[in-house]
>>> print(open('data_23.cif').read())   # mmCIF, C-alpha atoms
data_run
#
loop_
_atom_site.group_PDB
_atom_site.id
_atom_site.type_symbol
_atom_site.label_atom_id
_atom_site.label_comp_id
_atom_site.auth_asym_id
_atom_site.auth_seq_id
_atom_site.Cartn_x
_atom_site.Cartn_y
_atom_site.Cartn_z
ATOM 1 C CA MET A 1 11.739 8.722 10.740
ATOM 2 C CA LYS A 2 11.104 6.979 14.059
ATOM 3 C CA ASN A 3 14.071 5.600 15.967
ATOM 4 C CA ALA A 4 12.083 2.570 17.081
ATOM 5 C CA VAL A 5 11.028 0.702 13.958
ATOM 6 C CA GLU A 6 9.825 -2.837 13.538
ATOM 7 C CA ILE A 7 11.408 -4.312 10.401
ATOM 8 C CA MET A 8 9.543 -7.428 9.339
ATOM 9 C CA GLU A 9 9.330 -9.496 6.177
ATOM 10 C CA LEU A 10 6.008 -10.848 7.399
ATOM 11 C CA ILE A 11 3.996 -8.219 9.213
ATOM 12 C CA GLY A 12 2.615 -10.104 12.182
ATOM 13 C CA GLU A 13 0.877 -13.405 12.438
ATOM 14 C CA ASP A 14 -2.135 -12.321 10.401
ATOM 15 C CA HIS A 15 -0.275 -10.633 7.574
ATOM 16 C CA MET A 16 0.678 -13.457 5.248
ATOM 17 C CA SER A 17 0.373 -12.303 1.640
ATOM 18 C CA MET A 18 0.810 -14.900 -1.086
ATOM 19 C CA SER A 19 0.138 -12.855 -4.221
ATOM 20 C CA ILE A 20 0.833 -9.442 -5.709
ATOM 21 C CA GLU A 21 -2.802 -9.264 -6.868
ATOM 22 C CA THR A 22 -5.495 -7.888 -4.578
ATOM 23 C CA PRO A 23 -7.952 -10.757 -3.972
ATOM 24 C CA LEU A 24 -11.028 -9.795 -5.986
ATOM 25 C CA ARG A 25 -13.934 -11.886 -7.227
ATOM 26 C CA SER A 26 -14.389 -12.180 -10.983
ATOM 27 C CA ASP A 27 -17.754 -10.371 -10.705
ATOM 28 C CA ALA A 28 -16.389 -7.510 -8.582
ATOM 29 C CA PHE A 29 -17.534 -4.821 -11.029
ATOM 30 C CA THR A 30 -20.735 -6.229 -12.452
ATOM 31 C CA ILE A 31 -22.766 -3.765 -10.370
ATOM 32 C CA ASP A 32 -22.236 -0.018 -10.524
ATOM 33 C CA ASP A 33 -21.002 2.242 -7.746
ATOM 34 C CA ASP A 34 -24.425 3.673 -6.929
ATOM 35 C CA PHE A 35 -25.858 0.225 -6.275
ATOM 36 C CA LYS A 36 -22.805 -0.722 -4.195
ATOM 37 C CA ILE A 37 -23.375 2.374 -2.074
ATOM 38 C CA GLU A 38 -27.026 1.444 -1.632
ATOM 39 C CA LEU A 39 -26.162 -2.094 -0.512
ATOM 40 C CA ILE A 40 -23.352 -1.044 1.827
ATOM 41 C CA GLU A 41 -25.582 1.610 3.391
ATOM 42 C CA LYS A 42 -28.225 -1.022 4.099
ATOM 43 C CA HIS A 43 -25.796 -3.472 5.680
ATOM 44 C CA PHE A 44 -23.883 -0.860 7.671
ATOM 45 C CA LYS A 45 -27.157 0.401 9.067
ATOM 46 C CA GLU A 46 -27.824 -3.144 10.270
ATOM 47 C CA ILE A 47 -24.379 -3.316 11.911
ATOM 48 C CA MET A 48 -25.077 -0.073 13.768
ATOM 49 C CA HIS A 49 -28.480 -1.397 14.822
ATOM 50 C CA ILE A 50 -26.927 -4.616 16.155
ATOM 51 C CA LEU A 51 -24.433 -2.526 18.153
ATOM 52 C CA GLY A 52 -27.402 -0.843 19.822
ATOM 53 C CA LEU A 53 -27.008 2.616 18.293
ATOM 54 C CA ASP A 54 -30.051 4.843 17.911
ATOM 55 C CA LEU A 55 -30.328 5.565 14.193
ATOM 56 C CA THR A 56 -33.042 8.172 14.788
ATOM 57 C CA ASN A 57 -30.431 10.376 16.456
ATOM 58 C CA ASP A 58 -29.514 13.405 14.322
ATOM 59 C CA SER A 59 -25.803 12.644 14.585
ATOM 60 C CA LEU A 60 -26.164 9.005 13.499
ATOM 61 C CA ARG A 61 -29.025 9.095 11.014
ATOM 62 C CA ASP A 62 -26.900 9.693 7.906
ATOM 63 C CA THR A 63 -23.833 7.721 9.020
ATOM 64 C CA PRO A 64 -24.629 4.563 6.991
ATOM 65 C CA GLN A 65 -24.825 6.559 3.767
ATOM 66 C CA ARG A 66 -21.676 8.537 4.608
ATOM 67 C CA VAL A 67 -19.756 5.333 5.296
ATOM 68 C CA ALA A 68 -21.035 3.681 2.114
ATOM 69 C CA LYS A 69 -20.018 6.640 -0.078
ATOM 70 C CA MET A 70 -16.641 6.836 1.655
ATOM 71 C CA TYR A 71 -15.956 3.143 1.016
ATOM 72 C CA VAL A 72 -16.829 3.223 -2.684
ATOM 73 C CA LYS A 73 -15.839 6.743 -3.750
ATOM 74 C CA GLU A 74 -12.877 7.445 -1.484
ATOM 75 C CA ILE A 75 -10.921 5.014 0.665
ATOM 76 C CA PHE A 76 -11.430 1.905 -1.506
ATOM 77 C CA LYS A 77 -11.691 3.469 -4.954
ATOM 78 C CA GLY A 78 -8.336 1.918 -5.867
ATOM 79 C CA LEU A 79 -10.087 -1.440 -6.191
ATOM 80 C CA ASN A 80 -11.622 -0.355 -9.482
ATOM 81 C CA PRO A 81 -9.095 -0.525 -12.367
ATOM 82 C CA GLN A 82 -10.994 2.280 -14.100
ATOM 83 C CA ASN A 83 -9.556 4.609 -11.456
ATOM 84 C CA LYS A 84 -5.939 3.770 -12.294
ATOM 85 C CA PRO A 85 -4.193 7.043 -13.243
ATOM 86 C CA GLU A 86 -3.037 7.488 -16.798
ATOM 87 C CA VAL A 87 0.709 7.950 -16.992
ATOM 88 C CA LYS A 88 2.397 9.940 -19.741
ATOM 89 C CA LEU A 89 6.140 9.642 -20.225
ATOM 90 C CA PHE A 90 8.431 12.428 -21.419
ATOM 91 C CA GLU A 91 11.806 12.316 -23.106
ATOM 92 C CA ASN A 92 14.683 12.705 -20.679
ATOM 93 C CA VAL A 93 15.934 15.838 -22.438
ATOM 94 C CA TYR A 94 18.285 16.739 -19.588
ATOM 95 C CA ARG A 95 20.078 13.385 -19.934
ATOM 96 C CA TYR A 96 19.802 12.951 -16.170
ATOM 97 C CA ASN A 97 21.029 9.405 -15.563
ATOM 98 C CA GLU A 98 21.253 9.278 -11.760
ATOM 99 C CA MET A 99 18.474 8.132 -9.453
ATOM 100 C CA LEU A 100 15.475 10.392 -9.024
ATOM 101 C CA ILE A 101 13.913 10.151 -5.576
ATOM 102 C CA GLU A 102 10.515 11.249 -4.368
ATOM 103 C CA LYS A 103 10.463 10.801 -0.610
ATOM 104 C CA ASN A 104 7.875 11.202 2.133
ATOM 105 C CA ILE A 105 4.829 10.554 -0.064
ATOM 106 C CA THR A 106 1.899 10.513 2.325
ATOM 107 C CA LEU A 107 0.373 7.058 2.707
ATOM 108 C CA TYR A 108 -3.165 6.312 3.855
ATOM 109 C CA SER A 109 -4.322 2.758 3.341
ATOM 110 C CA TYR A 110 -6.465 0.236 5.214
ATOM 111 C CA CYS A 111 -5.555 -3.096 6.756
ATOM 112 C CA GLU A 112 -7.560 -5.811 5.033
ATOM 113 C CA HIS A 113 -7.805 -7.847 8.241
ATOM 114 C CA HIS A 114 -9.461 -5.225 10.449
ATOM 115 C CA PHE A 115 -10.336 -2.375 8.044
ATOM 116 C CA VAL A 116 -8.456 0.186 10.124
ATOM 117 C CA PRO A 117 -5.900 2.671 8.759
ATOM 118 C CA ILE A 118 -2.294 2.139 7.770
ATOM 119 C CA ILE A 119 -0.586 5.545 7.939
ATOM 120 C CA GLY A 120 2.945 6.354 6.871
ATOM 121 C CA LYS A 121 5.352 7.484 4.185
ATOM 122 C CA VAL A 122 6.429 6.019 0.854
ATOM 123 C CA HIS A 123 9.863 6.662 -0.662
ATOM 124 C CA VAL A 124 10.284 5.966 -4.377
ATOM 125 C CA ALA A 125 13.311 6.101 -6.668
ATOM 126 C CA TYR A 126 13.943 5.273 -10.301
ATOM 127 C CA ILE A 127 16.684 5.629 -12.894
ATOM 128 C CA SER A 128 15.588 6.863 -16.307
ATOM 129 C CA ASN A 129 16.066 4.607 -19.308
ATOM 130 C CA GLY A 130 15.508 7.556 -21.647
ATOM 131 C CA GLN A 131 12.088 8.657 -20.419
ATOM 132 C CA VAL A 132 10.792 10.344 -17.271
ATOM 133 C CA ILE A 133 7.453 10.496 -15.485
ATOM 134 C CA GLY A 134 5.700 13.572 -14.085
ATOM 135 C CA LEU A 135 6.328 13.764 -10.346
ATOM 136 C CA SER A 136 2.646 13.996 -9.416
ATOM 137 C CA LYS A 137 1.991 10.747 -11.305
ATOM 138 C CA ILE A 138 4.226 8.906 -8.848
ATOM 139 C CA ASN A 139 2.026 10.154 -5.991
ATOM 140 C CA ARG A 140 -1.114 9.195 -7.894
ATOM 141 C CA LEU A 141 0.142 5.670 -8.530
ATOM 142 C CA VAL A 142 0.992 5.277 -4.847
ATOM 143 C CA GLN A 143 -2.468 6.482 -3.858
ATOM 144 C CA TYR A 144 -4.180 4.225 -6.394
ATOM 145 C CA TYR A 145 -2.657 1.073 -4.910
ATOM 146 C CA ALA A 146 -3.073 2.349 -1.347
ATOM 147 C CA LEU A 147 -6.803 3.031 -1.702
ATOM 148 C CA ARG A 148 -7.901 -0.560 -1.214
ATOM 149 C CA PRO A 149 -7.794 -3.066 1.641
ATOM 150 C CA GLN A 150 -4.112 -3.959 1.871
ATOM 151 C CA VAL A 151 -1.244 -5.679 3.580
ATOM 152 C CA GLN A 152 1.977 -3.698 3.475
ATOM 153 C CA GLU A 153 4.030 -6.324 1.674
ATOM 154 C CA ARG A 154 1.565 -6.500 -1.202
ATOM 155 C CA LEU A 155 1.220 -2.729 -1.354
ATOM 156 C CA THR A 156 5.003 -2.333 -1.617
ATOM 157 C CA THR A 157 5.174 -4.848 -4.453
ATOM 158 C CA GLN A 158 2.178 -3.378 -6.288
ATOM 159 C CA ILE A 159 3.642 0.142 -6.221
ATOM 160 C CA ALA A 160 6.997 -1.149 -7.475
ATOM 161 C CA GLN A 161 5.396 -3.213 -10.237
ATOM 162 C CA GLY A 162 3.120 -0.346 -11.265
ATOM 163 C CA LEU A 163 6.074 2.005 -11.562
ATOM 164 C CA LYS A 164 8.125 -0.507 -13.551
ATOM 165 C CA GLU A 165 5.245 -0.975 -15.981
ATOM 166 C CA ALA A 166 4.701 2.779 -16.290
ATOM 167 C CA LEU A 167 8.391 3.576 -16.789
ATOM 168 C CA HIS A 168 9.220 0.532 -18.949
ATOM 169 C CA SER A 169 12.211 0.056 -16.674
ATOM 170 C CA GLU A 170 13.289 -2.385 -13.962
ATOM 171 C CA ASP A 171 15.376 0.257 -12.174
ATOM 172 C CA VAL A 172 12.907 1.058 -9.389
ATOM 173 C CA ALA A 173 13.088 1.118 -5.594
ATOM 174 C CA VAL A 174 10.221 1.499 -3.103
ATOM 175 C CA ILE A 175 10.300 1.739 0.693
ATOM 176 C CA ILE A 176 7.253 2.063 2.935
ATOM 177 C CA ASP A 177 7.480 3.074 6.608
ATOM 178 C CA ALA A 178 4.029 2.876 8.168
ATOM 179 C CA ALA A 179 2.132 2.562 11.414
ATOM 180 C CA HIS A 180 -0.721 0.048 11.540
ATOM 181 C CA LEU A 181 -3.708 1.002 13.641
ATOM 182 C CA CYS A 182 -4.581 -2.671 13.986
ATOM 183 C CA VAL A 183 -1.404 -2.777 16.115
ATOM 184 C CA ALA A 184 -1.748 0.668 17.714
ATOM 185 C CA SER A 185 -5.471 0.892 18.499
ATOM 186 C CA ARG A 186 -6.319 -2.748 19.341
ATOM 187 C CA GLY A 187 -4.600 -5.970 20.277
ATOM 188 C CA ILE A 188 -1.113 -5.172 21.592
ATOM 189 C CA LYS A 189 -1.862 -1.406 21.449
ATOM 190 C CA ASP A 190 1.724 -0.502 20.594
ATOM 191 C CA THR A 191 1.751 3.112 19.414
ATOM 192 C CA ALA A 192 5.562 3.465 19.159
ATOM 193 C CA SER A 193 6.448 0.966 16.434
ATOM 194 C CA SER A 194 6.298 1.230 12.671
ATOM 195 C CA THR A 195 6.835 -1.307 9.913
ATOM 196 C CA ILE A 196 9.286 -1.013 7.034
ATOM 197 C CA THR A 197 9.039 -2.928 3.760
ATOM 198 C CA ALA A 198 11.195 -2.514 0.664
ATOM 199 C CA SER A 199 11.414 -3.523 -2.973
ATOM 200 C CA TYR A 200 14.620 -3.188 -5.025
ATOM 201 C CA SER A 201 14.751 -3.989 -8.727
ATOM 202 C CA GLY A 202 17.264 -3.652 -11.549
ATOM 203 C CA LYS A 203 20.205 -1.390 -10.693
ATOM 204 C CA PHE A 204 18.877 -0.880 -7.172
ATOM 205 C CA GLN A 205 19.845 -4.462 -6.361
ATOM 206 C CA GLN A 206 23.449 -3.290 -6.507
ATOM 207 C CA GLU A 207 24.662 -2.649 -2.956
ATOM 208 C CA LYS A 208 26.187 0.727 -3.887
ATOM 209 C CA ARG A 209 22.928 2.007 -5.411
ATOM 210 C CA LYS A 210 20.848 0.623 -2.569
ATOM 211 C CA ALA A 211 23.114 2.234 0.038
ATOM 212 C CA GLU A 212 22.956 5.596 -1.785
ATOM 213 C CA PHE A 213 19.154 5.472 -1.904
ATOM 214 C CA LEU A 214 18.879 4.609 1.796
ATOM 215 C CA SER A 215 21.333 7.346 2.694
ATOM 216 C CA LEU A 216 19.452 9.992 0.720
ATOM 217 C CA ILE A 217 16.144 9.143 2.390
ATOM 218 C CA ASN A 218 17.899 8.926 5.764
ATOM 219 C CA ILE A 219 17.417 5.216 6.515
ATOM 220 C CA SER A 220 20.244 3.061 7.818
ATOM 221 C CA GLN A 221 20.880 -0.298 6.181
ATOM 222 C CA PRO A 222 19.972 -3.181 8.500
#
>>> encode(input="data_23.cif", output="structure tokens")
Amino acid sequence: MKNAVEIMELIGEDHMSMSIETPLRSDAFTIDDDFKIELIEKHFKEIMHILGLDLTNDSLRDTPQRVAKMYVKEIFKGLNPQNKPEVKLFENVYRYNEMLIEKNITLYSYCEHHFVPIIGKVHVAYISNGQVIGLSKINRLVQYYALRPQVQERLTTQIAQGLKEALHSEDVAVIIDAAHLCVASRGIKDTASSTITASYSGKFQQEKRKAEFLSLINISQP
């Protein structure tokens, strides 16, 4: 964890987020992925042309298609609800009733205001109500919500809500510590700061539980 962290409830002047839902049009999935790739390729080619790049160059010729496929099939595939991972629960046969923590989950997302990366770590905890989730499914849920244009507050809330729905339990905590390249690579160009957001539900709203969680992931309470 960085020593210098920027803890904000609202992440900068452009990061107001009024809803847990990602803003999507009602017709967002009326065209298939292949046609989306075709359209994005066409428009990204025009952007490159406007910038003055030579699209006959061997290095640049296929860039519009690469970018289009990356947008639809990789970095924004979390927009499509069909890509939401299926979660299977298992009986808590070990009767483990303390918090289970998965820390340092790698986070790659994209700022919806500048379409540049948000890079960091996600720490997740839950307390079983009689069922448990496979550990890899926690990572997959995090990635699903991360792979879309995001603001960190919404992403934190979406991960927490997704886990509560999957686990049928309110006893969930989520912390994200991330660097925003819209801060680091443009504008103020501050490469030292990171942003922390948190969501505590159910038993994790108890100060003792919250303090234990923060201690185990090595974060001091503000």
>>> residues_near_point(input="data_23.cif", point="(-1.2, 2.2, -6.9)", cutoff="9 Å", atoms="all atoms listed in the file", output="list of chain:residue names")
A:Gly78, A:Lys84, A:Pro85, A:Ile138, A:Asn139, A:Arg140, A:Leu141, A:Val142, A:Gln143, A:Tyr144, A:Tyr145, A:Ala146, A:Leu147, A:Leu155, A:Gln158, A:Ile159, A:Ala160, A:Gly162, A:Leu163
>>> resolve_selection(input="data_23.cif", expression="the PyMOL selection byres ((chain A and resi 44) around 9)", output="number ranges by chain")
A: 39-43, 45-49, 63-65, 67-68
>>> write_last_selection(input="data_23.cif", atoms="C-alpha atoms", output="tab-separated table (two decimals), in the coordinates of the input")
chain	number	residue	atom	x	y	z
A	39	LEU	CA	-26.16	-2.09	-0.51
A	40	ILE	CA	-23.35	-1.04	1.83
A	41	GLU	CA	-25.58	1.61	3.39
A	42	LYS	CA	-28.22	-1.02	4.10
A	43	HIS	CA	-25.80	-3.47	5.68
A	45	LYS	CA	-27.16	0.40	9.07
A	46	GLU	CA	-27.82	-3.14	10.27
A	47	ILE	CA	-24.38	-3.32	11.91
A	48	MET	CA	-25.08	-0.07	13.77
A	49	HIS	CA	-28.48	-1.40	14.82
A	63	THR	CA	-23.83	7.72	9.02
A	64	PRO	CA	-24.63	4.56	6.99
A	65	GLN	CA	-24.82	6.56	3.77
A	67	VAL	CA	-19.76	5.33	5.30
A	68	ALA	CA	-21.04	3.68	2.11
>>> residues_around(input="data_23.cif", residues="Leu216 in chain A", least_positions_apart="5", cutoff="10 Å", atoms="only C-alpha atoms", output="list in words")
Ile101, Lys103 and Ala211 of chain A
>>> atom_distance(input="data_23.cif", atom1="CA of Arg209 in chain A", atom2="CA of Leu100 in chain A")
11.8 Å
>>> residues_around(input="data_23.cif", residues="range 92-99 of chain A", least_positions_apart="3", cutoff="12 Å", atoms="only C-alpha atoms", output="ChimeraX atom specification")
/A:89,102,124-134,167,171-173,203-204,209-210,212-214,216
>>> closest_residue(input="data_23.cif", among="A:His114, A:Thr156, A:Gly202, A:Val122", to="Gly187 in chain A", atoms="only C-alpha atoms")
A:His114
>>> closest_atom_pairs(input="data_23.cif", of="range 187-219 of chain A", to="range 175-179 of chain A", cutoff="9 Å", atoms="all atoms listed in the file", output="CSV")
residue,atom,partner,partner_atom,distance
A:Thr191,CA,A:Ala179,CA,8.0
A:Ala192,CA,A:Ala179,CA,8.5
A:Ser193,CA,A:Ala179,CA,6.8
A:Ser194,CA,A:Ala179,CA,4.6
A:Thr195,CA,A:Ala178,CA,5.3
A:Ile196,CA,A:Asp177,CA,4.5
A:Thr197,CA,A:Ile176,CA,5.4
A:Ala198,CA,A:Ile175,CA,4.3
A:Ser199,CA,A:Ile175,CA,6.5
A:Tyr200,CA,A:Ile175,CA,8.7
>>> write_last_selection(input="data_23.cif", atoms="C-alpha atoms", output="tab-separated table (two decimals), in the frame of the given file")
chain	number	residue	atom	x	y	z
A	191	THR	CA	1.75	3.11	19.41
A	192	ALA	CA	5.56	3.46	19.16
A	193	SER	CA	6.45	0.97	16.43
A	194	SER	CA	6.30	1.23	12.67
A	195	THR	CA	6.84	-1.31	9.91
A	196	ILE	CA	9.29	-1.01	7.03
A	197	THR	CA	9.04	-2.93	3.76
A	198	ALA	CA	11.20	-2.51	0.66
A	199	SER	CA	11.41	-3.52	-2.97
A	200	TYR	CA	14.62	-3.19	-5.03
>>> closest_residue(input="data_23.cif", among="A:His113, A:Lys88, A:Arg61, A:Lys36", to="Leu181 in chain A", atoms="all atoms listed in the file")
A:His113
>>> atom_distance(input="data_23.cif", atom1="CA of Ile31 in chain A", atom2="CA of Ile118 in chain A")
28.0 Å
>>> closest_residue(input="data_23.cif", among="A:Thr157, A:Ile188, A:Lys73, A:Gln152", to="Leu107 in chain A", atoms="only C-alpha atoms")
A:Gln152
>>> atom_distance(input="data_23.cif", atom1="CA of Ala184 in chain A", atom2="CA of Arg66 in chain A")
25.1 Å
>>> residues_around(input="data_23.cif", residues="Cys111 in chain A", least_positions_apart="4", cutoff="9 Å", atoms="only C-alpha atoms", output="ChimeraX atom specification")
/A:115-118,148-152,180-182
>>> residues_near_point(input="data_23.cif", point="(-21.5, -1.0, -6.3)", cutoff="12 Å", atoms="all atoms listed in the file", output="VMD selection string")
chain A and resid 27 to 41 68 to 69 71 to 73 76 to 77 79 to 80
>>> closest_residue(input="data_23.cif", among="A:Arg154, A:His168, A:Arg186, A:Lys208", to="Glu21 in chain A", atoms="all atoms listed in the file")
A:Arg154
>>> decode(input="data_23.cif", residues="range 191-206 of chain A", atoms="C-alpha atoms", output="short mmCIF file (atom, residue, chain, number, x, y, z; two decimals), in the first residue's frame")
data_model
loop_
_atom_site.label_atom_id
_atom_site.label_comp_id
_atom_site.auth_asym_id
_atom_site.auth_seq_id
_atom_site.Cartn_x
_atom_site.Cartn_y
_atom_site.Cartn_z
CA THR A 191 1.82 9.99 -10.16
CA ALA A 192 2.17 9.56 -6.37
CA SER A 193 -1.45 9.57 -5.19
CA SER A 194 -4.05 6.83 -5.14
CA THR A 195 -7.74 6.84 -4.31
CA ILE A 196 -9.47 4.68 -1.71
CA THR A 197 -13.19 3.89 -1.67
CA ALA A 198 -15.01 1.49 0.64
CA SER A 199 -18.35 -0.22 1.13
CA TYR A 200 -19.38 -1.85 4.42
CA SER A 201 -22.64 -3.76 4.81
CA GLY A 202 -24.29 -5.91 7.46
CA LYS A 203 -21.90 -7.00 10.22
CA PHE A 204 -19.08 -5.00 8.67
CA GLN A 205 -20.81 -1.81 9.78
CA GLN A 206 -19.85 -2.77 13.32
#
